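*Asks:* Pasting protein.cif below, which is mmCIF, C-alpha atoms.
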data_protein
#
loop_
_atom_site.label_atom_id
_atom_site.label_comp_id
_atom_site.auth_asym_id
_atom_site.auth_seq_id
_atom_site.Cartn_x
_atom_site.Cartn_y
_atom_site.Cartn_z
CA MET A 704 -39.38 121.08 -1.96
CA LYS A 705 -35.80 121.02 -0.80
CA LYS A 706 -36.37 124.35 0.95
CA ILE A 707 -39.47 123.05 2.74
CA ILE A 708 -37.64 119.94 3.97
CA LEU A 709 -34.78 122.10 5.21
CA SER A 710 -37.16 124.45 7.03
CA LEU A 711 -39.05 121.52 8.59
CA SER A 712 -35.78 119.97 9.75
CA CYS A 713 -34.73 123.22 11.37
CA ILE A 714 -38.07 123.54 13.15
CA LEU A 715 -37.82 119.94 14.38
CA VAL A 716 -34.28 120.39 15.71
CA LEU A 717 -35.31 123.64 17.43
CA ALA A 718 -38.37 121.98 18.92
CA VAL A 719 -36.28 119.12 20.33
CA ILE A 720 -33.73 121.50 21.80
CA THR A 721 -36.28 123.91 23.26
CA GLY A 722 -38.30 121.03 24.67
CA CYS A 723 -35.30 119.73 26.57
CA GLY A 724 -34.13 123.20 27.74
CA LEU A 725 -35.52 125.54 30.37
CA THR A 726 -38.51 127.83 30.13
CA SER A 727 -37.92 131.55 30.56
CA LYS A 728 -39.61 131.37 33.95
CA GLN A 729 -37.27 128.59 35.07
CA VAL A 730 -34.29 130.61 33.86
CA VAL A 731 -35.44 133.76 35.70
CA LYS A 732 -36.13 131.91 38.96
CA THR A 733 -32.83 130.03 38.84
CA ARG A 734 -30.88 133.20 38.10
CA SER A 735 -32.65 135.09 40.85
CA PHE A 736 -32.03 132.30 43.38
CA GLY A 737 -28.42 131.88 42.24
CA THR A 738 -27.65 135.59 42.50
CA ALA A 739 -29.13 135.82 46.00
CA THR A 740 -27.33 132.67 47.14
CA SER A 741 -23.96 133.88 45.89
CA LYS A 742 -24.57 137.10 47.86
CA ILE A 743 -25.38 135.27 51.08
CA GLY A 744 -22.27 133.14 50.58
CA ARG A 745 -20.10 136.21 50.03
CA PHE A 746 -21.65 137.82 53.12
CA GLY A 747 -20.75 134.72 55.18
CA GLU A 748 -17.18 134.63 53.89
CA ARG A 749 -16.62 138.25 54.92
CA GLU A 750 -18.55 138.14 58.17
CA PHE A 751 -16.80 135.10 59.63
CA LEU A 752 -13.48 136.88 59.11
CA ASN A 753 -14.94 140.04 60.65
CA ILE A 754 -16.10 138.04 63.67
CA ARG A 755 -12.66 136.52 64.16
CA ASN A 756 -10.91 139.89 63.80
CA GLY A 757 -13.49 141.55 66.06
CA ILE A 758 -12.95 138.97 68.80
CA ILE A 759 -9.16 139.45 68.64
CA GLU A 760 -9.48 143.25 68.79
CA MET A 761 -11.94 143.19 71.69
CA ASN A 762 -9.79 140.75 73.66
CA LYS A 763 -6.79 143.02 73.13
CA GLU A 764 -8.83 145.89 74.62
CA LEU A 765 -9.87 143.64 77.49
CA VAL A 766 -6.28 142.74 78.38
CA SER A 767 -5.27 146.39 78.29
CA ILE A 768 -8.03 147.66 80.61
CA ASP A 769 -8.36 144.70 82.98
CA ASN A 770 -5.13 144.06 84.85
CA THR A 771 -6.37 140.73 86.17
CA LYS A 772 -6.26 139.31 82.64
CA LEU A 773 -3.16 137.56 81.40
CA VAL A 774 -2.48 136.91 77.73
CA LYS A 775 -1.51 133.36 78.70
CA SER A 776 -4.95 132.58 80.12
CA LEU A 777 -6.82 134.48 77.43
CA LYS A 778 -6.33 133.07 73.96
CA LEU A 779 -7.13 136.19 71.98
CA ASP A 780 -9.01 134.54 69.10
CA ARG A 781 -10.98 131.98 71.06
CA PRO A 782 -13.28 130.36 69.94
CA ALA A 783 -12.67 131.74 66.41
CA SER A 784 -9.41 129.92 65.79
CA VAL A 785 -7.99 129.80 62.26
CA GLU A 786 -9.23 126.24 61.83
CA ALA A 787 -12.75 126.88 63.16
CA THR A 788 -13.07 130.03 61.04
CA ALA A 789 -11.76 128.30 57.91
CA LYS A 790 -14.44 125.62 58.18
CA ARG A 791 -17.15 128.28 58.28
CA VAL A 792 -15.62 130.25 55.45
CA ALA A 793 -15.64 127.03 53.41
CA ALA A 794 -19.39 126.59 54.03
CA SER A 795 -20.03 130.16 52.90
CA LYS A 796 -17.78 129.72 49.89
CA ALA A 797 -19.67 126.60 48.90
CA LEU A 798 -22.94 128.56 48.98
CA ARG A 799 -21.40 131.38 46.92
CA LEU A 800 -20.04 128.93 44.34
CA TYR A 801 -23.36 127.13 44.14
CA GLY A 802 -25.10 130.43 43.42
CA GLU A 803 -22.47 131.43 40.85
CA LEU A 804 -22.70 128.05 39.16
CA LEU A 805 -26.47 128.32 38.78
CA VAL A 806 -26.21 131.83 37.36
CA LYS A 807 -23.56 130.78 34.84
CA LEU A 808 -25.59 127.76 33.81
CA VAL A 809 -28.64 129.83 32.96
CA THR A 810 -26.74 132.70 31.37
CA GLU A 811 -26.35 132.39 27.64
CA GLY A 812 -22.85 131.69 26.43
CA LYS A 813 -21.08 131.98 29.80
CA THR A 814 -19.06 128.79 29.98
CA GLU A 815 -15.66 130.04 31.10
CA ASN A 816 -14.52 128.72 34.50
CA LEU A 817 -17.68 126.64 34.78
CA GLN A 818 -15.83 123.41 35.45
CA LYS A 819 -13.47 125.15 37.88
CA ILE A 820 -16.42 126.53 39.88
CA ALA A 821 -18.04 123.09 39.91
CA ASP A 822 -14.86 121.43 41.22
CA SER A 823 -14.35 124.11 43.90
CA LEU A 824 -17.97 123.69 44.95
CA LEU A 825 -17.43 119.98 45.60
CA GLU A 826 -14.23 120.66 47.53
CA SER A 827 -15.66 123.44 49.74
CA THR A 828 -18.80 121.45 50.46
CA SER A 829 -16.78 118.47 51.54
CA VAL A 830 -14.61 120.60 53.89
CA ALA A 831 -17.59 122.44 55.38
CA LEU A 832 -19.78 119.42 56.00
CA LYS A 833 -16.88 117.12 56.88
CA GLU A 834 -18.32 114.42 54.70
CA GLU A 835 -17.77 112.69 51.43
CA ILE A 836 -20.11 113.91 48.70
CA SER A 837 -22.27 111.13 47.28
CA ASP A 838 -21.60 109.86 43.76
CA LYS A 839 -25.03 111.10 42.64
CA LYS A 840 -24.19 114.65 43.62
CA LYS A 841 -20.69 114.41 42.22
CA ASP A 842 -22.02 113.14 38.91
CA ALA A 843 -24.49 116.01 38.74
CA VAL A 844 -21.77 118.60 39.20
CA LYS A 845 -18.81 116.96 37.46
CA LYS A 846 -18.18 117.21 33.76
CA ILE A 847 -20.80 119.85 33.17
CA ILE A 848 -19.64 121.05 29.80
CA ILE A 849 -18.25 118.79 27.16
CA GLY A 850 -16.71 120.40 24.13
CA LEU A 851 -19.70 120.67 21.86
CA GLY A 852 -20.63 123.36 19.41
CA SER A 853 -22.18 126.45 21.01
CA PHE A 854 -25.57 125.43 19.67
CA PHE A 855 -25.64 122.48 22.05
CA VAL A 856 -23.90 124.09 24.98
CA ASP A 857 -27.05 125.79 26.29
CA LYS A 858 -28.94 122.52 26.17
CA LYS A 859 -26.12 120.79 28.05
CA LYS A 860 -26.22 123.57 30.62
CA ALA A 861 -30.00 123.24 31.00
CA ASP A 862 -29.58 119.50 31.57
CA ALA A 863 -26.96 120.23 34.21
CA VAL A 864 -29.34 122.65 35.98
CA LYS A 865 -32.05 120.00 36.02
CA LYS A 866 -29.67 117.48 37.59
CA ILE A 867 -27.82 119.75 40.00
CA ILE A 868 -30.72 121.59 41.67
CA PRO A 869 -32.59 118.52 42.96
CA ALA A 870 -29.40 116.59 43.75
CA TYR A 871 -27.91 119.47 45.73
CA GLN A 872 -31.05 120.61 47.57
CA GLN A 873 -30.28 118.87 50.87
CA THR A 874 -26.58 119.70 50.77
CA VAL A 875 -27.14 123.44 50.37
CA ASP A 876 -29.82 123.28 53.05
CA ASN A 877 -27.24 121.72 55.37
CA LEU A 878 -24.74 124.44 54.51
CA ALA A 879 -27.37 127.09 55.23
CA GLU A 880 -28.21 125.36 58.50
CA LEU A 881 -24.57 125.73 59.59
CA LEU A 882 -24.75 129.45 58.87
CA LEU A 883 -28.04 129.77 60.73
CA LYS A 884 -26.57 128.10 63.82
CA ASP A 885 -23.57 130.42 63.76
CA PHE A 886 -25.58 133.61 63.29
CA SER A 887 -28.29 132.82 65.81
CA LEU A 888 -28.54 134.74 69.06
CA THR A 889 -31.72 133.08 70.30
CA GLU A 890 -31.90 132.10 73.93
CA ASP A 891 -32.37 128.39 73.35
CA GLY A 892 -28.89 127.68 74.65
CA SER A 893 -27.25 126.87 71.33
CA PHE A 894 -24.05 128.82 70.89
CA GLY A 895 -22.49 129.79 67.58
CA PHE A 896 -19.81 132.15 66.31
CA LEU A 897 -21.89 135.32 66.53
CA LYS A 898 -22.82 134.42 70.11
CA ALA A 899 -19.11 134.19 70.90
CA TYR A 900 -18.57 137.61 69.32
CA GLU A 901 -21.46 139.10 71.32
CA THR A 902 -20.25 137.47 74.55
CA THR A 903 -16.73 138.83 74.02
CA ALA A 904 -18.27 142.29 73.53
CA LYS A 905 -20.37 141.94 76.69
CA ARG A 906 -17.30 140.87 78.62
CA LEU A 907 -15.42 143.93 77.43
CA LYS A 908 -18.35 146.18 78.30
CA ASN A 909 -18.50 144.65 81.77
CA ALA A 910 -14.78 145.23 82.33
CA SER A 911 -14.95 148.81 81.09
CA MET A 912 -17.90 149.58 83.39
CA ARG A 913 -15.74 148.80 86.40
CA LEU A 914 -13.27 151.54 85.41
CA VAL A 915 -15.78 154.06 84.15
CA ASN A 916 -17.85 153.80 87.33
CA ALA A 917 -14.84 154.01 89.63
CA GLY A 918 -14.77 157.81 89.73
CA GLU A 919 -11.43 159.37 90.72
CA LYS A 920 -9.73 156.05 91.30
CA TYR A 921 -8.34 156.07 87.76
CA THR A 922 -6.58 158.77 85.74
CA VAL A 923 -8.27 160.60 82.88
CA LEU A 924 -6.18 158.60 80.41
CA GLU A 925 -7.16 155.28 81.95
CA ARG A 926 -10.74 156.39 82.01
CA TYR A 927 -10.52 157.47 78.37
CA GLN A 928 -9.26 154.04 77.37
CA ALA A 929 -12.10 152.39 79.30
CA VAL A 930 -14.65 154.63 77.57
CA GLN A 931 -13.16 153.69 74.18
CA ALA A 932 -13.50 150.02 75.11
CA PHE A 933 -17.07 150.59 76.24
CA VAL A 934 -17.97 152.20 72.90
CA ILE A 935 -16.33 149.37 70.92
CA ALA A 936 -18.26 146.82 72.98
CA GLU A 937 -21.60 148.61 72.60
CA LYS A 938 -21.14 148.88 68.83
CA ALA A 939 -20.30 145.19 68.59
CA ILE A 940 -23.34 144.21 70.66
CA SER A 941 -25.76 146.16 68.46
CA ARG A 942 -23.95 144.97 65.31
CA ALA A 943 -24.41 141.36 66.39
CA ALA A 944 -28.11 141.91 67.11
CA GLU A 945 -28.74 143.49 63.69
CA ILE A 946 -26.83 140.84 61.77
CA SER A 947 -28.50 138.00 63.64
CA LYS A 948 -32.00 139.34 63.07
CA LYS A 949 -31.55 139.80 59.31
CA THR A 950 -29.54 136.63 58.73
CA GLU A 951 -32.02 134.38 60.49
CA LYS A 952 -34.81 135.78 58.35
CA THR A 953 -32.77 135.44 55.15
CA ILE A 954 -31.65 131.86 55.77
CA THR A 955 -35.16 130.78 56.62
CA GLY A 956 -36.22 132.39 53.32
CA PHE A 957 -33.35 130.65 51.55
CA LYS A 958 -34.47 127.18 52.62
CA LYS A 959 -38.02 127.86 51.51
CA ALA A 960 -36.85 129.23 48.16
CA ASN A 961 -34.48 126.28 47.67
CA ALA A 962 -37.36 123.84 48.04
CA GLU A 963 -39.50 125.91 45.68
CA LEU A 964 -36.74 126.07 43.06
CA VAL A 965 -36.66 122.27 42.92
CA LYS A 966 -40.40 122.31 42.18
CA VAL A 967 -39.95 125.01 39.54
CA ILE A 968 -37.24 122.95 37.82
CA LYS A 969 -39.23 119.72 37.97
CA ASN A 970 -42.50 121.24 36.85
CA LYS A 971 -42.48 123.90 34.11
CA LYS A 972 -45.92 125.14 35.11
CA TYR A 973 -45.15 125.54 38.81
CA SER A 974 -45.40 129.11 40.04
CA THR A 975 -44.01 130.64 43.25
CA ASP A 976 -43.21 134.01 44.80
CA ASP A 977 -40.94 132.64 47.53
CA ILE A 978 -37.80 133.06 45.44
CA LYS A 979 -38.63 136.72 44.87
CA VAL A 980 -39.22 137.18 48.61
CA TYR A 981 -35.87 135.51 49.36
CA ALA A 982 -34.08 137.72 46.84
CA LYS A 983 -35.57 140.78 48.57
CA GLN A 984 -34.48 139.50 52.00
CA ILE A 985 -30.90 139.10 50.89
CA GLU A 986 -30.95 142.62 49.47
CA ALA A 987 -32.15 143.89 52.87
CA LEU A 988 -29.34 141.98 54.57
CA VAL A 989 -26.73 143.37 52.18
CA ALA A 990 -28.09 146.90 52.72
CA ILE A 991 -28.00 146.66 56.51
CA TYR A 992 -24.53 145.11 56.32
CA GLN A 993 -23.24 148.05 54.29
CA VAL A 994 -24.63 150.47 56.88
CA ILE A 995 -23.18 148.53 59.82
CA ASP A 996 -19.75 148.29 58.25
CA ASN A 997 -19.60 151.99 57.54
CA MET B 691 -36.00 119.91 78.44
CA THR B 692 -33.57 122.39 79.88
CA THR B 693 -29.91 122.59 78.87
CA LEU B 694 -26.84 124.07 80.48
CA GLY B 695 -26.65 126.62 77.66
CA LYS B 696 -30.19 127.81 78.27
CA GLU B 697 -29.78 128.11 82.04
CA PHE B 698 -26.44 129.82 81.47
CA GLN B 699 -28.00 132.46 79.26
CA ASN B 700 -30.87 133.00 81.69
CA THR B 701 -28.46 133.55 84.58
CA ILE B 702 -26.32 135.97 82.59
CA LYS B 703 -29.39 137.90 81.48
CA ASN B 704 -30.60 138.23 85.08
CA LEU B 705 -27.18 139.31 86.36
CA GLU B 706 -26.95 141.93 83.62
CA LYS B 707 -30.32 143.29 84.70
CA LEU B 708 -29.12 143.47 88.30
CA ARG B 709 -25.89 145.19 87.22
CA ASP B 710 -27.67 147.71 85.03
CA SER B 711 -30.17 148.53 87.75
CA GLN B 712 -27.40 150.04 89.90
CA ASN B 713 -25.21 153.10 89.43
CA HIS B 714 -22.30 151.39 91.14
CA PRO B 715 -22.64 147.63 90.81
CA SER B 716 -20.40 145.73 93.22
CA ASN B 717 -17.06 144.40 92.08
CA GLU B 718 -18.23 140.96 93.10
CA LEU B 719 -21.18 141.11 90.73
CA LEU B 720 -18.96 142.36 87.88
CA SER B 721 -16.45 139.61 88.61
CA LYS B 722 -19.10 136.90 88.58
CA LEU B 723 -20.33 138.17 85.24
CA ASP B 724 -16.79 138.19 83.88
CA ILE B 725 -16.32 134.57 84.95
CA MET B 726 -19.60 133.60 83.30
CA TYR B 727 -18.75 135.35 80.02
CA GLY B 728 -15.42 133.54 79.99
CA GLN B 729 -17.09 130.21 80.68
CA GLN B 730 -19.67 130.81 77.97
CA ILE B 731 -16.84 131.24 75.46
CA ASP B 732 -15.20 128.08 76.85
CA LEU B 733 -18.47 126.22 76.34
CA ILE B 734 -18.68 127.35 72.72
CA ASP B 735 -15.12 126.17 72.17
CA ALA B 736 -15.51 122.78 73.87
CA SER B 737 -17.26 119.61 72.77
CA ILE B 738 -19.44 118.92 75.77
CA LYS B 739 -20.95 115.50 76.32
CA LYS B 740 -24.41 115.86 77.78
CA ASP B 741 -24.70 112.36 79.18
CA THR B 742 -22.19 112.83 81.99
CA GLN B 743 -22.67 113.35 85.71
CA GLU B 744 -20.65 116.59 85.54
CA TYR B 745 -22.98 118.00 82.88
CA LYS B 746 -26.07 117.11 84.92
CA GLU B 747 -24.62 118.68 88.07
CA ALA B 748 -23.56 121.85 86.24
CA THR B 749 -27.00 122.16 84.62
CA GLU B 750 -28.82 121.67 87.92
CA ALA B 751 -26.58 124.18 89.70
CA MET B 752 -27.01 126.71 86.90
CA LYS B 753 -30.77 126.20 86.92
CA GLU B 754 -30.80 127.03 90.62
CA ALA B 755 -28.60 130.09 89.97
CA ALA B 756 -30.96 131.23 87.18
CA LYS B 757 -33.96 130.80 89.46
CA LYS B 758 -32.43 132.72 92.36
CA SER B 759 -31.12 135.48 90.15
CA LYS B 760 -34.57 135.83 88.61
CA GLU B 761 -35.99 136.18 92.09
CA ALA B 762 -33.40 138.84 92.79
CA VAL B 763 -34.34 140.68 89.61
CA ASP B 764 -37.94 140.54 90.74
CA GLY B 765 -37.02 141.67 94.22
CA LEU B 766 -33.79 143.52 93.42
CA ALA B 767 -32.80 143.19 97.02
CA LYS B 768 -31.40 139.72 97.52
CA LEU B 769 -28.15 140.06 95.63
CA ASP B 770 -25.89 138.79 98.41
CA LYS B 771 -27.87 135.59 98.71
CA ILE B 772 -27.70 134.77 95.03
CA LEU B 773 -23.96 135.41 94.64
CA GLY B 774 -23.33 132.23 96.66
CA LYS B 775 -25.53 130.30 94.23
CA ILE B 776 -23.66 131.74 91.25
CA ALA B 777 -20.32 130.81 92.82
CA ASN B 778 -21.52 127.24 93.31
CA ALA B 779 -22.76 127.00 89.71
CA THR B 780 -19.55 128.37 88.17
CA VAL B 781 -17.48 125.90 90.22
CA LYS B 782 -19.53 123.07 88.72
CA VAL B 783 -19.02 124.41 85.18
CA THR B 784 -15.27 124.67 85.81
CA LYS B 785 -15.33 121.03 86.91
CA LEU B 786 -17.19 120.12 83.71
CA LEU B 787 -14.74 122.06 81.53
CA SER B 788 -11.72 120.53 83.26
CA LYS B 789 -12.99 117.13 82.13
CA VAL B 790 -12.88 118.14 78.47
CA ALA B 791 -9.69 120.21 78.60
#
Taking this structure as input, can you express it in the form of structure tokens?
*Replies:*
Amino acid sequence: MKKIILSLSCILVLAVITGCGLTSKQVVKTRSFGTATSKIGRFGEREFLNIRNGIIEMNKELVSIDNTKLVKSLKLDRPASVEATAKRVAASKALRLYGELLVKLVTEGKTENLQKIADSLLESTSVALKEEISDKKKDAVKKIIIGLGSFFVDKKKADAVKKIIPAYQQTVDNLAELLLKDFSLTEDGSFGFLKAYETTAKRLKNASMRLVNAGEKYTVLERYQAVQAFVIAEKAISRAAEISKKTEKTITGFKKANAELVKVIKNKKYSTDDIKVYAKQIEALVAIYQVIDN
Amino acid sequence: MTTLGKEFQNTIKNLEKLRDSQNHPSNELLSKLDIMYGQQIDLIDASIKKDTQEYKEATEAMKEAAKKSKEAVDGLAKLDKILGKIANATVKVTKLLSKVA
């Protein structure tokens, strides 16, 4: 009798815990979305620095081949100043941390640094969006893990996932929107960081054409330097086009997947393929990025 | 509704087509393009207020420059005529930028 009561109690406790946790489908979708989002964040962190460095390098080339340019009138890093770049890196970092947080929350036993990631996420989001994070969002992210026995930790983590994903949906969409604006090269007249990079490259190409087309007016060495500048500019122009094309597609996929994830978390029976599509898009972006950078 | 940014990009695109259609594009054309690239970077860097007279004038002038340069691309023979329009438009943008500097 005692054994039966003990077994029944165990079953009841397990049923309560499982009922309040996440289904395997919810775990898989959250992990998949989190992994992809941390990748897009990491991509942004690296690429904004690449854009800034690229602009500086191309402007250095421009000053050396165009003798009408003065360093004084040409701020080498404009418009990718340290401050402007840092703001964008913060937005990317916030996306990366959000992805990492979700993955940790749905991965069994991984609790180390969880609180640190959550705190950094709040800080980076606030810097990137230049706004105070609402109490609702703060509450969802803050104090994720309280020192309970490991048996209850996974349930606590599942509860955190259920709170964080809906509360943070709009915020991460806004962060993604910032990235989209900066990586867009569309001709609607909105200018972002990648547009500045492309324009700097076009300016360098234009300046190098003057020398390359001038025939015997310049020495072989001068001509060689102009050809080098031309090649750098052409590479940067095609790099910008490739990155823009893939990033726009990926961020559009991200926003769709983000909305779907909220539905998946709210409704255990909800089914979607959008998260899988988004995960594939980010893989394509990462692949093209590796090719471009090599 | 049109914007300065949109007209700016259209003009640059047309001038690039004109430049690339020639083996030896004139220095004047290359210089105008250089000025426009520089101004485009300035525009990205600046916080432009759209509800000012300077913005409206710059947009109108750039719209005219985009239109004429498109005609030149279509005709590829009226380059001299459009360079005056480009000069006028870039002066207006300089005026706009000087307000925010």
*Asks:* Once the PyMOL selection byres ((chain B) within 12 of (chain A)) has been evaluated on this model, what residues remain selected, and can you format them as a VMD selection string?
*Replies:* chain B and resid 691 to 703 705 to 706 709 to 710 712 to 738 749
*Asks:* Report, in Å with one decimal, the straight-line distance from atom CA of Val844 of chain A to atom CA of Leu881 of chain A.
*Replies:*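 Taking atom CA of Val844 of chain A as the start and atom CA of Leu881 of chain A as the end point, the length is 21.8 Å.
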*Asks:* Between A:Val806, A:Ile743, A:Leu825, A:Ala987, which has the minimum distance to Val864 of chain A (counting all atoms listed in the file)?
*Replies:*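 Using all atoms listed in the file, Val864 of chain A sits closest to A:Val806.
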*Asks:* Can you measure atom CA of Asp769 of chain A to atom CA of Ser911 of chain A for me? One decimal in Å is fine.
*Replies:*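 Between these atoms lies a distance of 8.0 Å.
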*Asks:* Can you tell me how far atom CA of Ala831 of chain A sits from atom CA of Arg791 of chain A, in Å to one decimal?
*Replies:*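 Pair atom CA of Ala831 of chain A / atom CA of Arg791 of chain A returns 6.5 Å.
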*Asks:* Once 4 Å is added on each side, what centre and edge lengths in Å to one decimal does the axis-aligned box around all listed atoms of segment 706-713 of chain B have, as lines of an AutoDock Vina configuration file?
*Replies:*
center_x = -27.8
center_y = 147.5
center_z = 86.8
size_x = 13.1
size_y = 19.2
size_z = 14.3
*Asks:* Applied to this file, what does the PyMOL selection byres ((chain A and resi 751-755) around 12) return in terms of residues, put as a PDB file with C-alpha atoms, in the coordinates of the input?
*Replies:*
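As a result, selection.pdb now contains:
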ATOM      1  CA  GLY A 744     -22.270 133.140  50.580  1.00  0.00           C
ATOM      2  CA  ARG A 745     -20.100 136.210  50.030  1.00  0.00           C
ATOM      3  CA  PHE A 746     -21.650 137.820  53.120  1.00  0.00           C
ATOM      4  CA  GLY A 747     -20.750 134.720  55.180  1.00  0.00           C
ATOM      5  CA  GLU A 748     -17.180 134.630  53.890  1.00  0.00           C
ATOM      6  CA  ARG A 749     -16.620 138.250  54.920  1.00  0.00           C
ATOM      7  CA  GLU A 750     -18.550 138.140  58.170  1.00  0.00           C
ATOM      8  CA  ASN A 756     -10.910 139.890  63.800  1.00  0.00           C
ATOM      9  CA  GLY A 757     -13.490 141.550  66.060  1.00  0.00           C
ATOM     10  CA  ILE A 758     -12.950 138.970  68.800  1.00  0.00           C
ATOM     11  CA  ILE A 759      -9.160 139.450  68.640  1.00  0.00           C
ATOM     12  CA  GLU A 760      -9.480 143.250  68.790  1.00  0.00           C
ATOM     13  CA  MET A 761     -11.940 143.190  71.690  1.00  0.00           C
ATOM     14  CA  ASN A 762      -9.790 140.750  73.660  1.00  0.00           C
ATOM     15  CA  LEU A 779      -7.130 136.190  71.980  1.00  0.00           C
ATOM     16  CA  ASP A 780      -9.010 134.540  69.100  1.00  0.00           C
ATOM     17  CA  ARG A 781     -10.980 131.980  71.060  1.00  0.00           C
ATOM     18  CA  PRO A 782     -13.280 130.360  69.940  1.00  0.00           C
ATOM     19  CA  ALA A 783     -12.670 131.740  66.410  1.00  0.00           C
ATOM     20  CA  SER A 784      -9.410 129.920  65.790  1.00  0.00           C
ATOM     21  CA  VAL A 785      -7.990 129.800  62.260  1.00  0.00           C
ATOM     22  CA  GLU A 786      -9.230 126.240  61.830  1.00  0.00           C
ATOM     23  CA  ALA A 787     -12.750 126.880  63.160  1.00  0.00           C
ATOM     24  CA  THR A 788     -13.070 130.030  61.040  1.00  0.00           C
ATOM     25  CA  ALA A 789     -11.760 128.300  57.910  1.00  0.00           C
ATOM     26  CA  LYS A 790     -14.440 125.620  58.180  1.00  0.00           C
ATOM     27  CA  ARG A 791     -17.150 128.280  58.280  1.00  0.00           C
ATOM     28  CA  VAL A 792     -15.620 130.250  55.450  1.00  0.00           C
ATOM     29  CA  ALA A 793     -15.640 127.030  53.410  1.00  0.00           C
ATOM     30  CA  ALA A 794     -19.390 126.590  54.030  1.00  0.00           C
ATOM     31  CA  SER A 795     -20.030 130.160  52.900  1.00  0.00           C
ATOM     32  CA  LYS A 796     -17.780 129.720  49.890  1.00  0.00           C
ATOM     33  CA  LEU A 882     -24.750 129.450  58.870  1.00  0.00           C
ATOM     34  CA  ASP A 885     -23.570 130.420  63.760  1.00  0.00           C
ATOM     35  CA  PHE A 886     -25.580 133.610  63.290  1.00  0.00           C
ATOM     36  CA  GLY A 895     -22.490 129.790  67.580  1.00  0.00           C
ATOM     37  CA  PHE A 896     -19.810 132.150  66.310  1.00  0.00           C
ATOM     38  CA  LEU A 897     -21.890 135.320  66.530  1.00  0.00           C
ATOM     39  CA  LYS A 898     -22.820 134.420  70.110  1.00  0.00           C
ATOM     40  CA  ALA A 899     -19.110 134.190  70.900  1.00  0.00           C
ATOM     41  CA  TYR A 900     -18.570 137.610  69.320  1.00  0.00           C
ATOM     42  CA  GLU A 901     -21.460 139.100  71.320  1.00  0.00           C
ATOM     43  CA  THR A 902     -20.250 137.470  74.550  1.00  0.00           C
ATOM     44  CA  THR A 903     -16.730 138.830  74.020  1.00  0.00           C
ATOM     45  CA  ALA A 904     -18.270 142.290  73.530  1.00  0.00           C
ATOM     46  CA  ALA A 939     -20.300 145.190  68.590  1.00  0.00           C
ATOM     47  CA  ILE A 940     -23.340 144.210  70.660  1.00  0.00           C
ATOM     48  CA  ARG A 942     -23.950 144.970  65.310  1.00  0.00           C
ATOM     49  CA  ALA A 943     -24.410 141.360  66.390  1.00  0.00           C
ATOM     50  CA  ILE A 946     -26.830 140.840  61.770  1.00  0.00           C
ATOM     51  CA  TYR A 992     -24.530 145.110  56.320  1.00  0.00           C
ATOM     52  CA  ILE A 995     -23.180 148.530  59.820  1.00  0.00           C
ATOM     53  CA  ASP A 996     -19.750 148.290  58.250  1.00  0.00           C
TER      54      ASP A 996
END
*Asks:* Looking at A:Ser776, A:Gln928, A:Asn877, A:Ser727, which one is nearest to Ser829 of chain A, with distances taken over all atoms listed in the file?
*Replies:* A:Asn877
*Asks:* Near Ala755 of chain B, within 7 Å and counting only C-alpha atoms, which residues show up once chain neighbours fewer than 4 positions away are dropped, as a ChimeraX atom specification?
*Replies:* /B:701,751,759,772,775-776,779
*Asks:* Determine the residue set returned by the PyMOL selection byres ((chain A and resi 800) around 8) for the present structure, and present it as a list in words.
*Replies:*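 Selection result, ordered by chain and number: Ser741, Gly744, Lys796, Ala797, Leu798, Arg799, Tyr801, Gly802, Glu803, Leu804, Ile820, Ala821, Ser823 and Leu824 of chain A.
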*Asks:* With distances taken over only C-alpha atoms, which of A:Val809, A:Ile867, A:Val934, A:Leu878 is nearest to Glu834 of chain A?
*Replies:*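 Looking only at the distances to Glu834 of chain A, the closest residue turns out to be A:Leu878.
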*Asks:* Could you check the closest approach to Ser827 of chain A for each of A:Ala739, A:Val875, A:Val766, A:Ile954 and tell me which residue wins, using only C-alpha atoms?
*Replies:*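 Smallest distance to Ser827 of chain A is found for A:Val875.
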